[in-house]
>>> print(open('target-v5.cif').read())   # mmCIF, N, CA and C atoms
data_target
loop_
_atom_site.label_atom_id
_atom_site.label_comp_id
_atom_site.auth_asym_id
_atom_site.auth_seq_id
_atom_site.Cartn_x
_atom_site.Cartn_y
_atom_site.Cartn_z
N MET J 1 -20.86 -34.75 -81.01
CA MET J 1 -20.64 -33.60 -80.14
C MET J 1 -19.15 -33.25 -80.18
N LEU J 2 -18.86 -31.97 -80.20
CA LEU J 2 -17.49 -31.46 -80.16
C LEU J 2 -17.13 -31.09 -78.73
N ALA J 3 -15.86 -31.27 -78.40
CA ALA J 3 -15.34 -30.83 -77.10
C ALA J 3 -14.10 -29.99 -77.36
N VAL J 4 -13.76 -29.15 -76.39
CA VAL J 4 -12.56 -28.32 -76.51
C VAL J 4 -11.58 -28.66 -75.40
N ASP J 5 -10.31 -28.62 -75.76
CA ASP J 5 -9.22 -28.91 -74.84
C ASP J 5 -8.79 -27.62 -74.13
N THR J 6 -8.00 -27.79 -73.10
CA THR J 6 -7.52 -26.67 -72.29
C THR J 6 -6.86 -25.59 -73.12
N ASN J 7 -6.02 -25.97 -74.08
CA ASN J 7 -5.29 -24.95 -74.82
C ASN J 7 -6.22 -24.02 -75.59
N VAL J 8 -7.36 -24.52 -76.04
CA VAL J 8 -8.34 -23.67 -76.72
C VAL J 8 -8.89 -22.63 -75.73
N LEU J 9 -9.16 -23.07 -74.51
CA LEU J 9 -9.67 -22.15 -73.48
C LEU J 9 -8.63 -21.08 -73.16
N VAL J 10 -7.38 -21.49 -73.00
CA VAL J 10 -6.31 -20.54 -72.67
C VAL J 10 -6.09 -19.55 -73.81
N TYR J 11 -6.01 -20.04 -75.03
CA TYR J 11 -5.80 -19.15 -76.18
C TYR J 11 -6.95 -18.17 -76.34
N SER J 12 -8.16 -18.59 -76.04
CA SER J 12 -9.29 -17.67 -76.18
C SER J 12 -9.25 -16.57 -75.12
N PHE J 13 -8.63 -16.85 -74.00
CA PHE J 13 -8.61 -15.93 -72.86
C PHE J 13 -7.64 -14.77 -73.06
N PHE J 14 -6.52 -15.05 -73.71
CA PHE J 14 -5.47 -14.04 -73.88
C PHE J 14 -5.48 -13.49 -75.29
N LYS J 15 -5.77 -12.21 -75.41
CA LYS J 15 -5.87 -11.58 -76.73
C LYS J 15 -4.55 -11.53 -77.49
N ASP J 16 -3.43 -11.60 -76.78
CA ASP J 16 -2.13 -11.56 -77.46
C ASP J 16 -1.65 -12.95 -77.86
N SER J 17 -2.46 -13.95 -77.65
CA SER J 17 -2.12 -15.31 -78.04
C SER J 17 -2.14 -15.43 -79.56
N PRO J 18 -1.21 -16.20 -80.14
CA PRO J 18 -1.20 -16.35 -81.61
C PRO J 18 -2.44 -17.07 -82.15
N PHE J 19 -3.14 -17.80 -81.31
CA PHE J 19 -4.33 -18.52 -81.75
C PHE J 19 -5.61 -17.95 -81.14
N HIS J 20 -5.52 -16.71 -80.62
CA HIS J 20 -6.68 -16.12 -79.95
C HIS J 20 -7.91 -16.06 -80.85
N GLU J 21 -7.75 -15.55 -82.04
CA GLU J 21 -8.92 -15.38 -82.92
C GLU J 21 -9.57 -16.72 -83.24
N ALA J 22 -8.76 -17.72 -83.56
CA ALA J 22 -9.32 -19.04 -83.88
C ALA J 22 -10.01 -19.64 -82.66
N ALA J 23 -9.39 -19.52 -81.49
CA ALA J 23 -9.97 -20.09 -80.27
C ALA J 23 -11.23 -19.34 -79.87
N GLN J 24 -11.19 -18.03 -79.90
CA GLN J 24 -12.35 -17.22 -79.52
C GLN J 24 -13.50 -17.47 -80.50
N GLY J 25 -13.19 -17.54 -81.78
CA GLY J 25 -14.21 -17.80 -82.78
C GLY J 25 -14.85 -19.16 -82.60
N THR J 26 -14.04 -20.16 -82.32
CA THR J 26 -14.54 -21.51 -82.10
C THR J 26 -15.47 -21.56 -80.89
N LEU J 27 -15.04 -20.98 -79.78
CA LEU J 27 -15.87 -21.00 -78.58
C LEU J 27 -17.15 -20.19 -78.76
N SER J 28 -17.07 -19.07 -79.43
CA SER J 28 -18.28 -18.26 -79.67
C SER J 28 -19.27 -19.02 -80.54
N ARG J 29 -18.75 -19.68 -81.57
CA ARG J 29 -19.60 -20.46 -82.46
C ARG J 29 -20.28 -21.60 -81.70
N LEU J 30 -19.51 -22.32 -80.90
CA LEU J 30 -20.06 -23.44 -80.14
C LEU J 30 -21.09 -22.96 -79.12
N ALA J 31 -20.74 -21.93 -78.37
CA ALA J 31 -21.64 -21.43 -77.32
C ALA J 31 -22.92 -20.85 -77.89
N GLY J 32 -22.87 -20.31 -79.09
CA GLY J 32 -24.04 -19.71 -79.69
C GLY J 32 -24.90 -20.68 -80.49
N SER J 33 -24.44 -21.90 -80.62
CA SER J 33 -25.16 -22.90 -81.40
C SER J 33 -26.10 -23.70 -80.49
N PRO J 34 -27.20 -24.17 -81.05
CA PRO J 34 -28.07 -25.05 -80.25
C PRO J 34 -27.52 -26.47 -80.12
N ALA J 35 -26.51 -26.79 -80.93
CA ALA J 35 -25.91 -28.13 -80.87
C ALA J 35 -25.09 -28.29 -79.59
N ALA J 36 -25.17 -29.47 -79.01
CA ALA J 36 -24.42 -29.74 -77.78
C ALA J 36 -22.92 -29.68 -78.06
N TRP J 37 -22.17 -29.14 -77.11
CA TRP J 37 -20.71 -29.12 -77.14
C TRP J 37 -20.25 -29.35 -75.72
N ALA J 38 -18.95 -29.60 -75.55
CA ALA J 38 -18.50 -30.02 -74.22
C ALA J 38 -17.13 -29.45 -73.85
N ILE J 39 -16.96 -29.34 -72.54
CA ILE J 39 -15.66 -29.06 -71.94
C ILE J 39 -15.51 -30.06 -70.79
N PRO J 40 -14.44 -30.86 -70.78
CA PRO J 40 -14.19 -31.71 -69.61
C PRO J 40 -13.87 -30.84 -68.39
N TRP J 41 -14.40 -31.23 -67.22
CA TRP J 41 -14.09 -30.49 -65.99
C TRP J 41 -12.59 -30.36 -65.80
N SER J 42 -11.85 -31.40 -66.13
CA SER J 42 -10.40 -31.34 -65.94
C SER J 42 -9.77 -30.23 -66.78
N CYS J 43 -10.36 -29.91 -67.93
CA CYS J 43 -9.85 -28.81 -68.75
C CYS J 43 -10.17 -27.45 -68.13
N ILE J 44 -11.33 -27.35 -67.51
CA ILE J 44 -11.66 -26.10 -66.81
C ILE J 44 -10.71 -25.90 -65.63
N HIS J 45 -10.44 -26.96 -64.89
CA HIS J 45 -9.50 -26.87 -63.76
C HIS J 45 -8.10 -26.47 -64.26
N GLU J 46 -7.67 -27.13 -65.34
CA GLU J 46 -6.34 -26.84 -65.87
C GLU J 46 -6.27 -25.40 -66.41
N PHE J 47 -7.32 -24.95 -67.08
CA PHE J 47 -7.37 -23.57 -67.57
C PHE J 47 -7.12 -22.60 -66.41
N TYR J 48 -7.86 -22.78 -65.34
CA TYR J 48 -7.74 -21.87 -64.19
C TYR J 48 -6.32 -21.94 -63.60
N SER J 49 -5.80 -23.14 -63.52
CA SER J 49 -4.45 -23.33 -62.98
C SER J 49 -3.40 -22.63 -63.84
N VAL J 50 -3.51 -22.75 -65.14
CA VAL J 50 -2.53 -22.15 -66.06
C VAL J 50 -2.62 -20.63 -66.03
N VAL J 51 -3.81 -20.09 -66.22
CA VAL J 51 -3.91 -18.63 -66.37
C VAL J 51 -3.68 -17.88 -65.07
N THR J 52 -3.82 -18.55 -63.93
CA THR J 52 -3.57 -17.87 -62.65
C THR J 52 -2.20 -18.21 -62.06
N ASN J 53 -1.38 -18.93 -62.80
CA ASN J 53 -0.05 -19.30 -62.32
C ASN J 53 0.88 -18.09 -62.39
N PRO J 54 1.32 -17.55 -61.26
CA PRO J 54 2.15 -16.34 -61.28
C PRO J 54 3.54 -16.57 -61.90
N LYS J 55 3.93 -17.81 -62.07
CA LYS J 55 5.21 -18.09 -62.74
C LYS J 55 5.07 -17.97 -64.26
N ILE J 56 3.82 -17.97 -64.75
CA ILE J 56 3.59 -17.86 -66.19
C ILE J 56 3.05 -16.48 -66.55
N PHE J 57 2.02 -16.03 -65.83
CA PHE J 57 1.36 -14.76 -66.13
C PHE J 57 1.26 -13.93 -64.85
N VAL J 58 1.64 -12.68 -64.94
CA VAL J 58 1.47 -11.76 -63.82
C VAL J 58 0.56 -10.64 -64.31
N VAL J 59 -0.72 -10.79 -64.02
CA VAL J 59 -1.72 -9.84 -64.47
C VAL J 59 -2.64 -9.53 -63.29
N ALA J 60 -2.79 -8.26 -62.98
CA ALA J 60 -3.68 -7.87 -61.88
C ALA J 60 -5.10 -8.32 -62.18
N GLY J 61 -5.74 -8.89 -61.17
CA GLY J 61 -7.14 -9.30 -61.30
C GLY J 61 -7.38 -10.52 -62.16
N ILE J 62 -6.33 -11.27 -62.46
CA ILE J 62 -6.47 -12.41 -63.38
C ILE J 62 -7.38 -13.50 -62.83
N ALA J 63 -7.32 -13.76 -61.53
CA ALA J 63 -8.15 -14.82 -60.95
C ALA J 63 -9.63 -14.49 -61.12
N GLU J 64 -9.99 -13.25 -60.86
CA GLU J 64 -11.39 -12.85 -61.01
C GLU J 64 -11.83 -12.92 -62.46
N ARG J 65 -10.96 -12.47 -63.38
CA ARG J 65 -11.29 -12.54 -64.81
C ARG J 65 -11.46 -13.98 -65.25
N ALA J 66 -10.59 -14.86 -64.78
CA ALA J 66 -10.66 -16.28 -65.16
C ALA J 66 -11.95 -16.90 -64.62
N GLN J 67 -12.29 -16.59 -63.38
CA GLN J 67 -13.54 -17.12 -62.81
C GLN J 67 -14.76 -16.62 -63.59
N GLN J 68 -14.74 -15.36 -63.97
CA GLN J 68 -15.85 -14.81 -64.75
C GLN J 68 -15.94 -15.49 -66.11
N GLN J 69 -14.79 -15.75 -66.72
CA GLN J 69 -14.79 -16.42 -68.02
C GLN J 69 -15.38 -17.82 -67.90
N ILE J 70 -15.00 -18.53 -66.86
CA ILE J 70 -15.56 -19.88 -66.63
C ILE J 70 -17.08 -19.79 -66.47
N MET J 71 -17.55 -18.82 -65.70
CA MET J 71 -18.99 -18.66 -65.51
C MET J 71 -19.69 -18.37 -66.85
N THR J 72 -19.05 -17.60 -67.69
CA THR J 72 -19.63 -17.30 -69.01
C THR J 72 -19.75 -18.58 -69.83
N TRP J 73 -18.70 -19.40 -69.84
CA TRP J 73 -18.79 -20.67 -70.58
C TRP J 73 -19.91 -21.53 -70.01
N LEU J 74 -19.98 -21.61 -68.69
CA LEU J 74 -20.98 -22.48 -68.05
C LEU J 74 -22.41 -22.01 -68.31
N GLU J 75 -22.59 -20.76 -68.65
CA GLU J 75 -23.92 -20.23 -68.94
C GLU J 75 -24.43 -20.62 -70.33
N SER J 76 -23.58 -21.16 -71.17
CA SER J 76 -24.02 -21.58 -72.50
C SER J 76 -25.03 -22.71 -72.34
N PRO J 77 -26.25 -22.54 -72.83
CA PRO J 77 -27.28 -23.58 -72.64
C PRO J 77 -26.97 -24.89 -73.36
N SER J 78 -26.09 -24.84 -74.35
CA SER J 78 -25.77 -26.07 -75.09
C SER J 78 -24.52 -26.77 -74.57
N LEU J 79 -23.85 -26.19 -73.56
CA LEU J 79 -22.63 -26.78 -73.01
C LEU J 79 -22.94 -27.97 -72.12
N GLN J 80 -22.17 -29.03 -72.30
CA GLN J 80 -22.18 -30.16 -71.38
C GLN J 80 -20.79 -30.24 -70.76
N VAL J 81 -20.73 -30.21 -69.45
CA VAL J 81 -19.45 -30.32 -68.75
C VAL J 81 -19.25 -31.80 -68.41
N LEU J 82 -18.11 -32.33 -68.82
CA LEU J 82 -17.87 -33.77 -68.72
C LEU J 82 -17.10 -34.14 -67.45
N GLY J 83 -17.65 -35.06 -66.71
CA GLY J 83 -17.00 -35.58 -65.51
C GLY J 83 -16.92 -37.09 -65.55
N GLU J 84 -16.20 -37.64 -64.61
CA GLU J 84 -16.03 -39.08 -64.53
C GLU J 84 -17.35 -39.77 -64.19
N THR J 85 -17.52 -40.94 -64.78
CA THR J 85 -18.66 -41.80 -64.46
C THR J 85 -18.10 -43.05 -63.80
N SER J 86 -18.98 -43.96 -63.42
CA SER J 86 -18.52 -45.20 -62.79
C SER J 86 -17.72 -46.06 -63.77
N ALA J 87 -17.86 -45.83 -65.07
CA ALA J 87 -17.12 -46.60 -66.08
C ALA J 87 -15.81 -45.92 -66.48
N HIS J 88 -15.47 -44.82 -65.83
CA HIS J 88 -14.29 -44.05 -66.23
C HIS J 88 -13.01 -44.88 -66.22
N TRP J 89 -12.76 -45.61 -65.16
CA TRP J 89 -11.50 -46.35 -65.08
C TRP J 89 -11.37 -47.37 -66.21
N THR J 90 -12.45 -48.01 -66.57
CA THR J 90 -12.39 -49.01 -67.64
C THR J 90 -11.94 -48.37 -68.95
N THR J 91 -12.51 -47.21 -69.28
CA THR J 91 -12.13 -46.51 -70.51
C THR J 91 -10.71 -45.97 -70.40
N LEU J 92 -10.38 -45.35 -69.29
CA LEU J 92 -9.05 -44.79 -69.12
C LEU J 92 -7.99 -45.89 -69.18
N GLN J 93 -8.23 -47.00 -68.50
CA GLN J 93 -7.24 -48.07 -68.51
C GLN J 93 -7.01 -48.60 -69.92
N ARG J 94 -8.09 -48.73 -70.70
CA ARG J 94 -7.95 -49.19 -72.09
C ARG J 94 -7.05 -48.23 -72.88
N LEU J 95 -7.24 -46.93 -72.69
CA LEU J 95 -6.44 -45.94 -73.40
C LEU J 95 -4.99 -45.94 -72.92
N LEU J 96 -4.79 -46.11 -71.61
CA LEU J 96 -3.43 -46.16 -71.07
C LEU J 96 -2.64 -47.32 -71.69
N ILE J 97 -3.30 -48.45 -71.81
CA ILE J 97 -2.64 -49.64 -72.36
C ILE J 97 -2.44 -49.50 -73.86
N SER J 98 -3.50 -49.17 -74.59
CA SER J 98 -3.40 -49.12 -76.06
C SER J 98 -2.48 -48.00 -76.54
N GLY J 99 -2.41 -46.89 -75.79
CA GLY J 99 -1.56 -45.77 -76.17
C GLY J 99 -0.19 -45.81 -75.54
N ASP J 100 0.09 -46.86 -74.75
CA ASP J 100 1.37 -46.99 -74.04
C ASP J 100 1.66 -45.69 -73.28
N VAL J 101 0.68 -45.27 -72.47
CA VAL J 101 0.72 -43.97 -71.81
C VAL J 101 1.26 -44.08 -70.39
N VAL J 102 2.22 -43.20 -70.10
CA VAL J 102 2.75 -43.03 -68.75
C VAL J 102 3.08 -41.55 -68.57
N GLY J 103 3.35 -41.16 -67.35
CA GLY J 103 3.81 -39.79 -67.08
C GLY J 103 2.79 -38.72 -67.41
N PRO J 104 3.26 -37.58 -67.87
CA PRO J 104 2.38 -36.42 -68.09
C PRO J 104 1.26 -36.66 -69.10
N VAL J 105 1.42 -37.60 -70.01
CA VAL J 105 0.39 -37.84 -71.03
C VAL J 105 -0.84 -38.50 -70.40
N VAL J 106 -0.73 -38.98 -69.16
CA VAL J 106 -1.88 -39.55 -68.47
C VAL J 106 -3.01 -38.51 -68.41
N HIS J 107 -2.66 -37.25 -68.23
CA HIS J 107 -3.69 -36.20 -68.18
C HIS J 107 -4.46 -36.16 -69.51
N ASP J 108 -3.76 -36.26 -70.62
CA ASP J 108 -4.43 -36.28 -71.92
C ASP J 108 -5.29 -37.52 -72.09
N ALA J 109 -4.81 -38.65 -71.59
CA ALA J 109 -5.61 -39.88 -71.65
C ALA J 109 -6.89 -39.71 -70.84
N ARG J 110 -6.78 -39.03 -69.73
CA ARG J 110 -7.97 -38.78 -68.90
C ARG J 110 -8.99 -37.94 -69.66
N ILE J 111 -8.53 -36.90 -70.34
CA ILE J 111 -9.44 -36.07 -71.14
C ILE J 111 -10.06 -36.91 -72.26
N ALA J 112 -9.24 -37.70 -72.93
CA ALA J 112 -9.75 -38.55 -74.02
C ALA J 112 -10.79 -39.53 -73.48
N ALA J 113 -10.53 -40.12 -72.33
CA ALA J 113 -11.48 -41.07 -71.74
C ALA J 113 -12.80 -40.39 -71.40
N LEU J 114 -12.73 -39.19 -70.86
CA LEU J 114 -13.96 -38.44 -70.56
C LEU J 114 -14.75 -38.19 -71.84
N CYS J 115 -14.05 -37.76 -72.88
CA CYS J 115 -14.72 -37.48 -74.14
C CYS J 115 -15.36 -38.74 -74.72
N ILE J 116 -14.62 -39.81 -74.77
CA ILE J 116 -15.12 -41.07 -75.34
C ILE J 116 -16.32 -41.56 -74.54
N SER J 117 -16.23 -41.51 -73.23
CA SER J 117 -17.32 -41.99 -72.37
C SER J 117 -18.61 -41.20 -72.55
N HIS J 118 -18.48 -39.94 -72.94
CA HIS J 118 -19.65 -39.08 -73.08
C HIS J 118 -20.09 -38.90 -74.54
N GLY J 119 -19.51 -39.68 -75.44
CA GLY J 119 -19.95 -39.64 -76.83
C GLY J 119 -19.44 -38.47 -77.65
N VAL J 120 -18.36 -37.86 -77.21
CA VAL J 120 -17.76 -36.78 -77.99
C VAL J 120 -17.19 -37.39 -79.28
N THR J 121 -17.47 -36.74 -80.40
CA THR J 121 -16.98 -37.25 -81.68
C THR J 121 -15.67 -36.60 -82.09
N GLU J 122 -15.44 -35.35 -81.67
CA GLU J 122 -14.21 -34.65 -82.01
C GLU J 122 -13.75 -33.77 -80.86
N LEU J 123 -12.42 -33.72 -80.67
CA LEU J 123 -11.81 -32.84 -79.69
C LEU J 123 -11.01 -31.79 -80.44
N ILE J 124 -11.30 -30.52 -80.16
CA ILE J 124 -10.56 -29.43 -80.79
C ILE J 124 -9.40 -29.07 -79.86
N THR J 125 -8.18 -29.12 -80.41
CA THR J 125 -6.98 -28.92 -79.60
C THR J 125 -5.81 -28.56 -80.50
N LEU J 126 -4.71 -28.17 -79.89
CA LEU J 126 -3.43 -28.05 -80.60
C LEU J 126 -2.42 -29.05 -80.05
N ASP J 127 -2.86 -29.93 -79.20
CA ASP J 127 -2.00 -30.92 -78.55
C ASP J 127 -1.94 -32.19 -79.40
N ARG J 128 -0.77 -32.52 -79.91
CA ARG J 128 -0.61 -33.70 -80.76
C ARG J 128 -0.63 -35.02 -79.99
N ASP J 129 -0.50 -34.96 -78.67
CA ASP J 129 -0.51 -36.19 -77.88
C ASP J 129 -1.82 -36.96 -78.00
N PHE J 130 -2.88 -36.29 -78.37
CA PHE J 130 -4.17 -36.97 -78.50
C PHE J 130 -4.20 -37.94 -79.68
N SER J 131 -3.21 -37.85 -80.55
CA SER J 131 -3.16 -38.80 -81.68
C SER J 131 -2.92 -40.23 -81.18
N ARG J 132 -2.51 -40.40 -79.93
CA ARG J 132 -2.34 -41.74 -79.34
C ARG J 132 -3.66 -42.46 -79.13
N PHE J 133 -4.76 -41.73 -79.26
CA PHE J 133 -6.07 -42.28 -78.93
C PHE J 133 -6.97 -42.28 -80.17
N PRO J 134 -6.82 -43.28 -81.03
CA PRO J 134 -7.57 -43.29 -82.29
C PRO J 134 -9.09 -43.39 -82.11
N GLU J 135 -9.55 -43.73 -80.92
CA GLU J 135 -11.00 -43.75 -80.67
C GLU J 135 -11.60 -42.35 -80.68
N LEU J 136 -10.76 -41.34 -80.55
CA LEU J 136 -11.21 -39.96 -80.49
C LEU J 136 -10.65 -39.19 -81.68
N THR J 137 -11.51 -38.62 -82.49
CA THR J 137 -11.06 -37.80 -83.62
C THR J 137 -10.59 -36.45 -83.08
N VAL J 138 -9.44 -36.01 -83.56
CA VAL J 138 -8.87 -34.75 -83.12
C VAL J 138 -8.94 -33.75 -84.27
N ARG J 139 -9.43 -32.57 -83.97
CA ARG J 139 -9.47 -31.48 -84.95
C ARG J 139 -8.52 -30.40 -84.46
N SER J 140 -7.61 -29.99 -85.32
CA SER J 140 -6.63 -28.97 -84.94
C SER J 140 -7.27 -27.59 -84.88
N LEU J 141 -7.02 -26.89 -83.81
CA LEU J 141 -7.48 -25.50 -83.69
C LEU J 141 -6.91 -24.66 -84.83
N ALA J 142 -5.72 -24.99 -85.28
CA ALA J 142 -5.07 -24.23 -86.36
C ALA J 142 -5.90 -24.30 -87.64
N ALA J 143 -6.73 -25.32 -87.79
CA ALA J 143 -7.57 -25.46 -88.99
C ALA J 143 -8.88 -24.71 -88.87
N GLU J 144 -9.18 -24.18 -87.70
CA GLU J 144 -10.47 -23.50 -87.47
C GLU J 144 -10.48 -22.14 -88.13
#
>>> encode(input="target-v5.cif", output="structure tokens")
Amino acid sequence: MLAVDTNVLVYSFFKDSPFHEAAQGTLSRLAGSPAAWAIPWSCIHEFYSVVTNPKIFVVAGIAERAQQQIMTWLESPSLQVLGETSAHWTTLQRLLISGDVVGPVVHDARIAALCISHGVTELITLDRDFSRFPELTVRSLAAE
């Protein structure tokens, strides 16, 4: 199963993004396929936080557009939204130790742990920090 990182969601949302076409194409392909694909809940939360941050983007009606976009993703019948399970801490702690993770990269470790726990085979992203987690194969959005 493939999963997508926050940056893929953000790039797909903004048409003037340099990776918009690749991100939009990837999400359209995944959502239209019968094969299971995933978005971690933490990536959906981060997407909403980023695109509605008035220090980054000042766009009228952005909150409503972002909420509608999330609803559209959630309507994909093949989407699995990934959340923490009772085994989450065990997986996260292993990644924190093996990747020597502290500070802001903890968020990436959390996404990696969610993916690993749910059987995700590849994460599509432009974030190189995921290379710290060899248990999770990373596919660059730039290659899409």
>>> atom_distance(input="target-v5.cif", atom1="atom N of J:Phe130", atom2="atom N of J:Val59")
29.3 Å
>>> residues_around(input="target-v5.cif", residues="J:Val105", least_positions_apart="4", cutoff="8 Å", atoms="only C-alpha atoms", output="PyMOL selection string")
chain J and resi 101+109+129
>>> closest_residue(input="target-v5.cif", among="J:Gln93, J:His118, J:Val10, J:Ser17", to="J:Val106", atoms="only C-alpha atoms")
J:Gln93
>>> closest_atom_pairs(input="target-v5.cif", of="stretch 45-112 of chain J", to="stretch 1-7 of chain J", cutoff="8 Å", atoms="only N, CA and C atoms", output="CSV")
residue,atom,partner,partner_atom,distance
J:His45,N,J:Thr6,CA,8.0
J:Glu46,C,J:Thr6,CA,6.1
J:Phe47,N,J:Thr6,CA,5.5
J:Tyr48,N,J:Thr6,CA,8.0
>>> atom_distance(input="target-v5.cif", atom1="atom CA of J:Phe57", atom2="atom CA of J:Val81")
26.1 Å
>>> atom_distance(input="target-v5.cif", atom1="atom CA of J:Leu74", atom2="atom CA of J:Thr90")
27.9 Å
>>> resolve_selection(input="target-v5.cif", expression="the PyMOL selection byres ((chain J and resi 112) around 8)", output="VMD selection string")
chain J and resid 91 to 92 95 106 to 111 113 to 118 130 133 135 to 136
>>> select_by_dssp(input="target-v5.cif", residues="stretch 31-117 of chain J", states="strand (DSSP E)", output="count of residues only")
8
